[in-house]
Amino acid sequence: MTSSDWNASVTLAMSAPRESKKSKQDTCAPVVYDFMDLSDNIANTSDRRRSRFTPLGAVVAAAAALLFIYLVQRAGVRQISAGIRSLGVGFVLVLAISSVRHVVRSIAWVLCLEPPHRLRFWDALRARLMGDAIGNLLPFANFIVSEPAKPALIRDRVPLMAGFSSIVIENVFYSISVVVFIACGMVAVLLTFSEAKIFRLVSLITLAVIAVVVASAFVLVRKQTRFSRALALLPQKYFKQKWLANAYTLEDRVYGFYRRNSARFFPILLLEACFHLAGVAEIYATLLFISPQRPPTLFTAFILESVNRLITMVFKFVPLRMGVDEAGTGKVSQILQFSEPAGVTLAIVRKARDLCWALVGVALLIHRQIVLRKSSTASQSVEGATFTRHGDEAADQSCNPQSSLPPPAVRGESTRVRSSPSTPSPHAERGLQKSTS
């Protein structure tokens with residue numbers, strides 16, 4: 001397809017006839033029904049994906065659970081239990097530090113939304129926690145399900161397309177920060193640990209992959225590559241013209257964000273950097289409690305957090321990174337002169353932190369569902385009362401037709417006093433005289 005044909009397709013899609021204002025208002029009047037349908041669609045999509053990935057997901061979950069049990073037994077259940085007991089109320093501090101990560105990414109999302117739309121911080125934070133909870137419930141499709149669910153959950157505050165574009169832009173900034181953070185960690189490993197050959201090999205491979213990804217992204221952004229062209233190449237029976245228009249709008253907003261909002265670029269990157277700094281602080285605080293014999297340093301916490309980011313990106317499809325996080329963190333902890341039980345305990349504490357925030361997200365989802373059901377019941381009651389009132393009025397009009405007639409002036413009739421039927425009019429008298437003569 002040539003460029004002119006593609007532009008013509010986009011123009012046709014964007015100029016497709018839209019609904020009238022009245023019909024749109026009628027459709028969107030009960031916002032509750034729109035949300036209930038959206039929730040049903042997300043649930044149905046999740047069920048289809050879950051049924052599609054059930055065999056493979058079950059195998060992955062079983063393998064991860066077996067690896068987790070093996071690593072816990074090898075590290076020592078008593079040592080891990082002692083580390084968790086030594087953490088104690090320090091877990092509250094871990095939760096407080098981890099809350100900073102949700103806060104800064106929510107603020108970054110707010111900044112990624114372009115005018116005239118505005119998103120409140122509290123709405124962004126609630127949507128983020130609920131979306132992450134959905135991703136944790138569907139771990140095999142974490143990113144695919146959780147990220148689109150976030151703008152869908154605030155559709156009553158921000159239009160869906162604007163919210164989806166902003167979350168895509170925020171994830172682009174987050175990906176840039178992750179690449180920079182992991183690259184710095186791997187460079188630090190190469191410059192510090194000369195004897196850990198396997199660790200150095202993993203670092204070299206990671207840096208090579210990062211270089212390829214960065215170069216490819218630079219070329220795509222420089223050429224303003226339009227992925228919607230691939231959608232336009234498909235037969236029209238496989239997609240709707242509206243999808244093509246939405247894809248074009250999404251690409252335009254992503255590519256043009258820096259040009260239109262250059263002043264927000266560095267504040268958003270700074271917020272994403274604070275996300276990683278909070279992760280370093282969390283590991284540092286945790287190791288202070290569970291490894292008093294070998295106190296951590298900010299450098300060792302930075303290395304462990306960079307490895308944790310790498311494990312999270314590579315094994316995102318594993319439920320809670322079960323097993324792989326314990327294996328990677330335990331091995332790196334030994335290289336950093338910590339004990340293996342300390343590394344495994346650190347990974348378990350991270351899982352407990354994720355589960356706590358997932359419970360918060362589930363509670364917000366349940367509260368939202370209760371509110372929606374109450375609003376749906378209230379709107380149905382109002383509609384029922386309106387229908388009953390109109391029905392009573394129609395019944396009254398059928399019983400007394402004259403009562404339903406408007407006043408004579410409204411009906412366009414003359415308000416002059418009519419002659420009585422018993423008194424003939426002057427014209428009738430003249431006609432009567434002519435007939436008698």
# chains A, B, ... in the order shown; residues from 1 in each chain; ligands from 1
>>> select_by_dssp(residues="region 273-386 of chain A", states="alpha helix (DSSP H)", output="VMD selection string")
chain A and resid 273 to 290 298 to 314 324 to 335 340 to 386
>>> residues_around(residues="region 277-288 of chain A", least_positions_apart="4", cutoff="10 Å", atoms="only C-alpha atoms", output="JSON, numbers by chain")
{"A": [83, 84, 86, 87, 90, 91, 93, 94, 95, 96, 97, 98, 99, 100, 101, 104, 181, 271, 272, 273, 292, 293, 294, 295, 296, 297, 298, 299, 300, 301, 302, 303, 304, 305, 306, 308, 309, 338, 342, 343, 345, 346, 347, 349, 350]}
>>> write_last_selection(atoms="C-alpha atoms", output="PDB file, in the first residue's frame")
ATOM      1  CA  GLY A  83      14.952 -13.318  58.876  1.00  0.00           C
ATOM      2  CA  ILE A  84      11.220 -12.641  58.566  1.00  0.00           C
ATOM      3  CA  SER A  86      13.793 -10.041  62.551  1.00  0.00           C
ATOM      4  CA  LEU A  87      12.054  -7.842  59.997  1.00  0.00           C
ATOM      5  CA  GLY A  90      10.017  -3.119  59.688  1.00  0.00           C
ATOM      6  CA  PHE A  91       7.635  -4.493  57.074  1.00  0.00           C
ATOM      7  CA  LEU A  93       8.521   0.702  56.665  1.00  0.00           C
ATOM      8  CA  VAL A  94       8.919  -1.455  53.554  1.00  0.00           C
ATOM      9  CA  LEU A  95       5.289  -0.826  52.615  1.00  0.00           C
ATOM     10  CA  ALA A  96       5.691   2.907  53.211  1.00  0.00           C
ATOM     11  CA  ILE A  97       8.737   3.088  50.942  1.00  0.00           C
ATOM     12  CA  SER A  98       7.048   0.987  48.268  1.00  0.00           C
ATOM     13  CA  SER A  99       4.047   3.340  48.335  1.00  0.00           C
ATOM     14  CA  VAL A 100       6.348   6.055  46.989  1.00  0.00           C
ATOM     15  CA  ARG A 101       6.717   4.012  43.809  1.00  0.00           C
ATOM     16  CA  VAL A 104       5.436   8.861  41.640  1.00  0.00           C
ATOM     17  CA  PHE A 181      18.777   1.871  35.278  1.00  0.00           C
ATOM     18  CA  LEU A 271       9.546  10.926  38.669  1.00  0.00           C
ATOM     19  CA  GLU A 272      10.436   7.652  36.951  1.00  0.00           C
ATOM     20  CA  ALA A 273      13.947   7.910  38.433  1.00  0.00           C
ATOM     21  CA  PRO A 292      22.495  -7.403  60.673  1.00  0.00           C
ATOM     22  CA  GLN A 293      25.744  -9.409  60.448  1.00  0.00           C
ATOM     23  CA  ARG A 294      26.472  -8.022  56.971  1.00  0.00           C
ATOM     24  CA  PRO A 295      25.020  -4.479  56.814  1.00  0.00           C
ATOM     25  CA  PRO A 296      24.175  -3.372  53.271  1.00  0.00           C
ATOM     26  CA  THR A 297      25.474  -0.357  51.399  1.00  0.00           C
ATOM     27  CA  LEU A 298      23.675   1.797  48.859  1.00  0.00           C
ATOM     28  CA  PHE A 299      25.877   0.271  46.144  1.00  0.00           C
ATOM     29  CA  THR A 300      24.916  -3.320  46.989  1.00  0.00           C
ATOM     30  CA  ALA A 301      21.250  -2.262  47.209  1.00  0.00           C
ATOM     31  CA  PHE A 302      21.594  -0.634  43.773  1.00  0.00           C
ATOM     32  CA  ILE A 303      23.060  -3.833  42.258  1.00  0.00           C
ATOM     33  CA  LEU A 304      20.289  -5.964  43.784  1.00  0.00           C
ATOM     34  CA  GLU A 305      17.564  -3.603  42.544  1.00  0.00           C
ATOM     35  CA  SER A 306      18.990  -3.544  39.000  1.00  0.00           C
ATOM     36  CA  ASN A 308      15.446  -7.323  40.336  1.00  0.00           C
ATOM     37  CA  ARG A 309      14.351  -5.011  37.488  1.00  0.00           C
ATOM     38  CA  PHE A 338      25.501 -11.819  51.716  1.00  0.00           C
ATOM     39  CA  ALA A 342      19.199 -13.409  53.178  1.00  0.00           C
ATOM     40  CA  GLY A 343      18.716 -13.174  49.403  1.00  0.00           C
ATOM     41  CA  THR A 345      14.232 -13.829  52.346  1.00  0.00           C
ATOM     42  CA  LEU A 346      14.556 -10.524  50.475  1.00  0.00           C
ATOM     43  CA  ALA A 347      12.696 -11.996  47.502  1.00  0.00           C
ATOM     44  CA  VAL A 349       9.514  -9.987  51.450  1.00  0.00           C
ATOM     45  CA  ARG A 350       9.035  -8.440  47.998  1.00  0.00           C
TER      46      ARG A 350
END
>>> residues_around(residues="Gly131 (chain A)", least_positions_apart="3", cutoff="9 Å", atoms="only C-alpha atoms", output="short mmCIF file (atom, residue, chain, number, x, y, z; two decimals) with C-alpha atoms, in the first residue's frame")
data_model
loop_
_atom_site.label_atom_id
_atom_site.label_comp_id
_atom_site.auth_asym_id
_atom_site.auth_seq_id
_atom_site.Cartn_x
_atom_site.Cartn_y
_atom_site.Cartn_z
CA ARG A 126 -6.79 4.12 42.37
CA ALA A 127 -6.72 3.06 38.72
CA ARG A 128 -3.06 2.06 39.00
CA ILE A 134 -5.92 -7.35 37.82
CA GLY A 135 -2.46 -8.06 36.39
CA ASN A 136 -1.51 -10.05 39.47
CA VAL A 145 -4.44 -6.92 30.65
CA SER A 146 -3.39 -4.61 33.49
CA GLU A 147 -2.23 -1.59 31.48
CA PRO A 148 -5.34 -1.21 29.23
CA ALA A 149 -7.52 -1.78 32.30
CA LYS A 150 -6.18 1.37 34.00
CA PRO A 151 -7.63 3.93 31.54
CA LEU A 153 -11.31 2.15 35.03
CA GLY A 361 -6.34 -3.07 44.61
#
>>> atom_distance(atom1="CA of Ile198 (chain A)", atom2="CA of Lys331 (chain A)")
10.6 Å
>>> residues_around(residues="Arg120 (chain A)", least_positions_apart="6", cutoff="10 Å", atoms="only C-alpha atoms", output="number ranges by chain")
A: 106-107, 109-110, 157-158
>>> atom_distance(atom1="CA of Ala215 (chain A)", atom2="CA of Phe257 (chain A)")
20.4 Å
>>> atom_distance(atom1="CA of Ile311 (chain A)", atom2="CA of Leu66 (chain A)")
18.1 Å
>>> decode(residues="region 265-315 of chain A", atoms="N, CA and C atoms", output="PDB file, in the first residue's frame")
ATOM      1  N   PHE A 265       8.932  16.924  29.940  1.00  0.00           N
ATOM      2  CA  PHE A 265       9.784  15.774  29.645  1.00  0.00           C
ATOM      3  C   PHE A 265      10.667  15.412  30.842  1.00  0.00           C
ATOM      4  N   PHE A 266      11.432  16.367  31.339  1.00  0.00           N
ATOM      5  CA  PHE A 266      12.364  16.081  32.425  1.00  0.00           C
ATOM      6  C   PHE A 266      11.657  15.838  33.764  1.00  0.00           C
ATOM      7  N   PRO A 267      10.565  16.557  34.098  1.00  0.00           N
ATOM      8  CA  PRO A 267       9.852  16.187  35.340  1.00  0.00           C
ATOM      9  C   PRO A 267       9.338  14.755  35.337  1.00  0.00           C
ATOM     10  N   ILE A 268       8.856  14.276  34.196  1.00  0.00           N
ATOM     11  CA  ILE A 268       8.371  12.896  34.136  1.00  0.00           C
ATOM     12  C   ILE A 268       9.527  11.920  34.293  1.00  0.00           C
ATOM     13  N   LEU A 269      10.642  12.186  33.620  1.00  0.00           N
ATOM     14  CA  LEU A 269      11.813  11.312  33.781  1.00  0.00           C
ATOM     15  C   LEU A 269      12.321  11.331  35.220  1.00  0.00           C
ATOM     16  N   LEU A 270      12.260  12.495  35.871  1.00  0.00           N
ATOM     17  CA  LEU A 270      12.685  12.570  37.262  1.00  0.00           C
ATOM     18  C   LEU A 270      11.772  11.737  38.163  1.00  0.00           C
ATOM     19  N   LEU A 271      10.476  11.756  37.894  1.00  0.00           N
ATOM     20  CA  LEU A 271       9.546  10.926  38.669  1.00  0.00           C
ATOM     21  C   LEU A 271       9.823   9.443  38.455  1.00  0.00           C
ATOM     22  N   GLU A 272      10.107   9.053  37.214  1.00  0.00           N
ATOM     23  CA  GLU A 272      10.436   7.652  36.951  1.00  0.00           C
ATOM     24  C   GLU A 272      11.744   7.266  37.634  1.00  0.00           C
ATOM     25  N   ALA A 273      12.699   8.188  37.720  1.00  0.00           N
ATOM     26  CA  ALA A 273      13.947   7.910  38.433  1.00  0.00           C
ATOM     27  C   ALA A 273      13.690   7.718  39.929  1.00  0.00           C
ATOM     28  N   CYS A 274      12.754   8.507  40.476  1.00  0.00           N
ATOM     29  CA  CYS A 274      12.392   8.343  41.885  1.00  0.00           C
ATOM     30  C   CYS A 274      11.795   6.968  42.152  1.00  0.00           C
ATOM     31  N   PHE A 275      11.123   6.408  41.167  1.00  0.00           N
ATOM     32  CA  PHE A 275      10.594   5.046  41.299  1.00  0.00           C
ATOM     33  C   PHE A 275      11.726   4.060  41.579  1.00  0.00           C
ATOM     34  N   HIS A 276      12.814   4.153  40.832  1.00  0.00           N
ATOM     35  CA  HIS A 276      13.934   3.231  41.022  1.00  0.00           C
ATOM     36  C   HIS A 276      14.710   3.545  42.298  1.00  0.00           C
ATOM     37  N   LEU A 277      14.821   4.812  42.644  1.00  0.00           N
ATOM     38  CA  LEU A 277      15.505   5.168  43.895  1.00  0.00           C
ATOM     39  C   LEU A 277      14.739   4.630  45.100  1.00  0.00           C
ATOM     40  N   ALA A 278      13.410   4.654  45.024  1.00  0.00           N
ATOM     41  CA  ALA A 278      12.607   4.073  46.098  1.00  0.00           C
ATOM     42  C   ALA A 278      12.832   2.567  46.200  1.00  0.00           C
ATOM     43  N   GLY A 279      13.037   1.900  45.053  1.00  0.00           N
ATOM     44  CA  GLY A 279      13.350   0.474  45.082  1.00  0.00           C
ATOM     45  C   GLY A 279      14.682   0.197  45.756  1.00  0.00           C
ATOM     46  N   VAL A 280      15.679   1.041  45.499  1.00  0.00           N
ATOM     47  CA  VAL A 280      16.981   0.894  46.161  1.00  0.00           C
ATOM     48  C   VAL A 280      16.831   1.098  47.668  1.00  0.00           C
ATOM     49  N   ALA A 281      16.076   2.130  48.052  1.00  0.00           N
ATOM     50  CA  ALA A 281      15.863   2.389  49.479  1.00  0.00           C
ATOM     51  C   ALA A 281      15.117   1.248  50.155  1.00  0.00           C
ATOM     52  N   GLU A 282      14.172   0.643  49.444  1.00  0.00           N
ATOM     53  CA  GLU A 282      13.423  -0.477  50.020  1.00  0.00           C
ATOM     54  C   GLU A 282      14.330  -1.667  50.291  1.00  0.00           C
ATOM     55  N   ILE A 283      15.202  -2.013  49.339  1.00  0.00           N
ATOM     56  CA  ILE A 283      16.130  -3.135  49.549  1.00  0.00           C
ATOM     57  C   ILE A 283      17.107  -2.816  50.675  1.00  0.00           C
ATOM     58  N   TYR A 284      17.579  -1.581  50.721  1.00  0.00           N
ATOM     59  CA  TYR A 284      18.513  -1.187  51.772  1.00  0.00           C
ATOM     60  C   TYR A 284      17.868  -1.331  53.154  1.00  0.00           C
ATOM     61  N   ALA A 285      16.622  -0.862  53.284  1.00  0.00           N
ATOM     62  CA  ALA A 285      15.931  -0.958  54.573  1.00  0.00           C
ATOM     63  C   ALA A 285      15.653  -2.407  54.947  1.00  0.00           C
ATOM     64  N   THR A 286      15.288  -3.231  53.984  1.00  0.00           N
ATOM     65  CA  THR A 286      14.994  -4.642  54.274  1.00  0.00           C
ATOM     66  C   THR A 286      16.236  -5.379  54.739  1.00  0.00           C
ATOM     67  N   LEU A 287      17.357  -5.161  54.064  1.00  0.00           N
ATOM     68  CA  LEU A 287      18.592  -5.846  54.448  1.00  0.00           C
ATOM     69  C   LEU A 287      19.115  -5.379  55.802  1.00  0.00           C
ATOM     70  N   LEU A 288      18.812  -4.145  56.177  1.00  0.00           N
ATOM     71  CA  LEU A 288      19.216  -3.683  57.508  1.00  0.00           C
ATOM     72  C   LEU A 288      18.576  -4.530  58.603  1.00  0.00           C
ATOM     73  N   PHE A 289      17.357  -5.009  58.367  1.00  0.00           N
ATOM     74  CA  PHE A 289      16.652  -5.804  59.363  1.00  0.00           C
ATOM     75  C   PHE A 289      17.022  -7.283  59.284  1.00  0.00           C
ATOM     76  N   ILE A 290      17.094  -7.849  58.075  1.00  0.00           N
ATOM     77  CA  ILE A 290      17.258  -9.301  57.941  1.00  0.00           C
ATOM     78  C   ILE A 290      18.721  -9.731  57.866  1.00  0.00           C
ATOM     79  N   SER A 291      19.650  -8.807  57.699  1.00  0.00           N
ATOM     80  CA  SER A 291      21.071  -9.165  57.616  1.00  0.00           C
ATOM     81  C   SER A 291      21.897  -8.229  58.487  1.00  0.00           C
ATOM     82  N   PRO A 292      21.716  -8.295  59.803  1.00  0.00           N
ATOM     83  CA  PRO A 292      22.495  -7.403  60.673  1.00  0.00           C
ATOM     84  C   PRO A 292      23.983  -7.756  60.703  1.00  0.00           C
ATOM     85  N   GLN A 293      24.341  -9.031  60.437  1.00  0.00           N
ATOM     86  CA  GLN A 293      25.744  -9.409  60.448  1.00  0.00           C
ATOM     87  C   GLN A 293      26.519  -8.790  59.282  1.00  0.00           C
ATOM     88  N   ARG A 294      25.839  -8.601  58.160  1.00  0.00           N
ATOM     89  CA  ARG A 294      26.472  -8.022  56.971  1.00  0.00           C
ATOM     90  C   ARG A 294      25.632  -6.829  56.546  1.00  0.00           C
ATOM     91  N   PRO A 295      25.835  -5.653  57.151  1.00  0.00           N
ATOM     92  CA  PRO A 295      25.020  -4.479  56.814  1.00  0.00           C
ATOM     93  C   PRO A 295      25.177  -4.108  55.346  1.00  0.00           C
ATOM     94  N   PRO A 296      24.097  -3.707  54.698  1.00  0.00           N
ATOM     95  CA  PRO A 296      24.175  -3.372  53.271  1.00  0.00           C
ATOM     96  C   PRO A 296      24.742  -1.970  53.065  1.00  0.00           C
ATOM     97  N   THR A 297      25.102  -1.704  51.834  1.00  0.00           N
ATOM     98  CA  THR A 297      25.474  -0.357  51.399  1.00  0.00           C
ATOM     99  C   THR A 297      24.533   0.048  50.266  1.00  0.00           C
ATOM    100  N   LEU A 298      24.515   1.334  49.955  1.00  0.00           N
ATOM    101  CA  LEU A 298      23.675   1.797  48.859  1.00  0.00           C
ATOM    102  C   LEU A 298      24.107   1.176  47.534  1.00  0.00           C
ATOM    103  N   PHE A 299      25.409   0.889  47.384  1.00  0.00           N
ATOM    104  CA  PHE A 299      25.877   0.271  46.144  1.00  0.00           C
ATOM    105  C   PHE A 299      25.347  -1.151  45.996  1.00  0.00           C
ATOM    106  N   THR A 300      25.437  -1.948  47.074  1.00  0.00           N
ATOM    107  CA  THR A 300      24.916  -3.320  46.989  1.00  0.00           C
ATOM    108  C   THR A 300      23.397  -3.319  46.782  1.00  0.00           C
ATOM    109  N   ALA A 301      22.698  -2.360  47.418  1.00  0.00           N
ATOM    110  CA  ALA A 301      21.250  -2.262  47.209  1.00  0.00           C
ATOM    111  C   ALA A 301      20.946  -1.879  45.762  1.00  0.00           C
ATOM    112  N   PHE A 302      21.783  -1.022  45.176  1.00  0.00           N
ATOM    113  CA  PHE A 302      21.594  -0.634  43.773  1.00  0.00           C
ATOM    114  C   PHE A 302      21.794  -1.824  42.841  1.00  0.00           C
ATOM    115  N   ILE A 303      22.825  -2.642  43.087  1.00  0.00           N
ATOM    116  CA  ILE A 303      23.060  -3.833  42.258  1.00  0.00           C
ATOM    117  C   ILE A 303      21.883  -4.799  42.370  1.00  0.00           C
ATOM    118  N   LEU A 304      21.407  -5.036  43.594  1.00  0.00           N
ATOM    119  CA  LEU A 304      20.289  -5.964  43.784  1.00  0.00           C
ATOM    120  C   LEU A 304      19.013  -5.449  43.119  1.00  0.00           C
ATOM    121  N   GLU A 305      18.762  -4.148  43.174  1.00  0.00           N
ATOM    122  CA  GLU A 305      17.564  -3.603  42.544  1.00  0.00           C
ATOM    123  C   GLU A 305      17.664  -3.669  41.022  1.00  0.00           C
ATOM    124  N   SER A 306      18.829  -3.427  40.460  1.00  0.00           N
ATOM    125  CA  SER A 306      18.990  -3.544  39.000  1.00  0.00           C
ATOM    126  C   SER A 306      18.769  -4.986  38.540  1.00  0.00           C
ATOM    127  N   VAL A 307      19.262  -5.946  39.332  1.00  0.00           N
ATOM    128  CA  VAL A 307      19.007  -7.355  39.003  1.00  0.00           C
ATOM    129  C   VAL A 307      17.520  -7.672  39.135  1.00  0.00           C
ATOM    130  N   ASN A 308      16.882  -7.112  40.155  1.00  0.00           N
ATOM    131  CA  ASN A 308      15.446  -7.323  40.336  1.00  0.00           C
ATOM    132  C   ASN A 308      14.644  -6.765  39.164  1.00  0.00           C
ATOM    133  N   ARG A 309      15.020  -5.588  38.655  1.00  0.00           N
ATOM    134  CA  ARG A 309      14.351  -5.011  37.488  1.00  0.00           C
ATOM    135  C   ARG A 309      14.529  -5.914  36.276  1.00  0.00           C
ATOM    136  N   LEU A 310      15.732  -6.449  36.112  1.00  0.00           N
ATOM    137  CA  LEU A 310      15.996  -7.334  34.973  1.00  0.00           C
ATOM    138  C   LEU A 310      15.153  -8.601  35.064  1.00  0.00           C
ATOM    139  N   ILE A 311      15.078  -9.191  36.256  1.00  0.00           N
ATOM    140  CA  ILE A 311      14.267 -10.403  36.440  1.00  0.00           C
ATOM    141  C   ILE A 311      12.797 -10.104  36.186  1.00  0.00           C
ATOM    142  N   THR A 312      12.344  -8.942  36.645  1.00  0.00           N
ATOM    143  CA  THR A 312      10.940  -8.570  36.452  1.00  0.00           C
ATOM    144  C   THR A 312      10.605  -8.413  34.974  1.00  0.00           C
ATOM    145  N   MET A 313      11.502  -7.804  34.207  1.00  0.00           N
ATOM    146  CA  MET A 313      11.246  -7.591  32.781  1.00  0.00           C
ATOM    147  C   MET A 313      11.290  -8.899  31.996  1.00  0.00           C
ATOM    148  N   VAL A 314      12.231  -9.776  32.335  1.00  0.00           N
ATOM    149  CA  VAL A 314      12.407 -11.013  31.557  1.00  0.00           C
ATOM    150  C   VAL A 314      11.347 -12.050  31.924  1.00  0.00           C
ATOM    151  N   PHE A 315      11.028 -12.162  33.212  1.00  0.00           N
ATOM    152  CA  PHE A 315      10.106 -13.207  33.677  1.00  0.00           C
ATOM    153  C   PHE A 315       8.781 -12.611  34.127  1.00  0.00           C
TER     154      PHE A 315
END
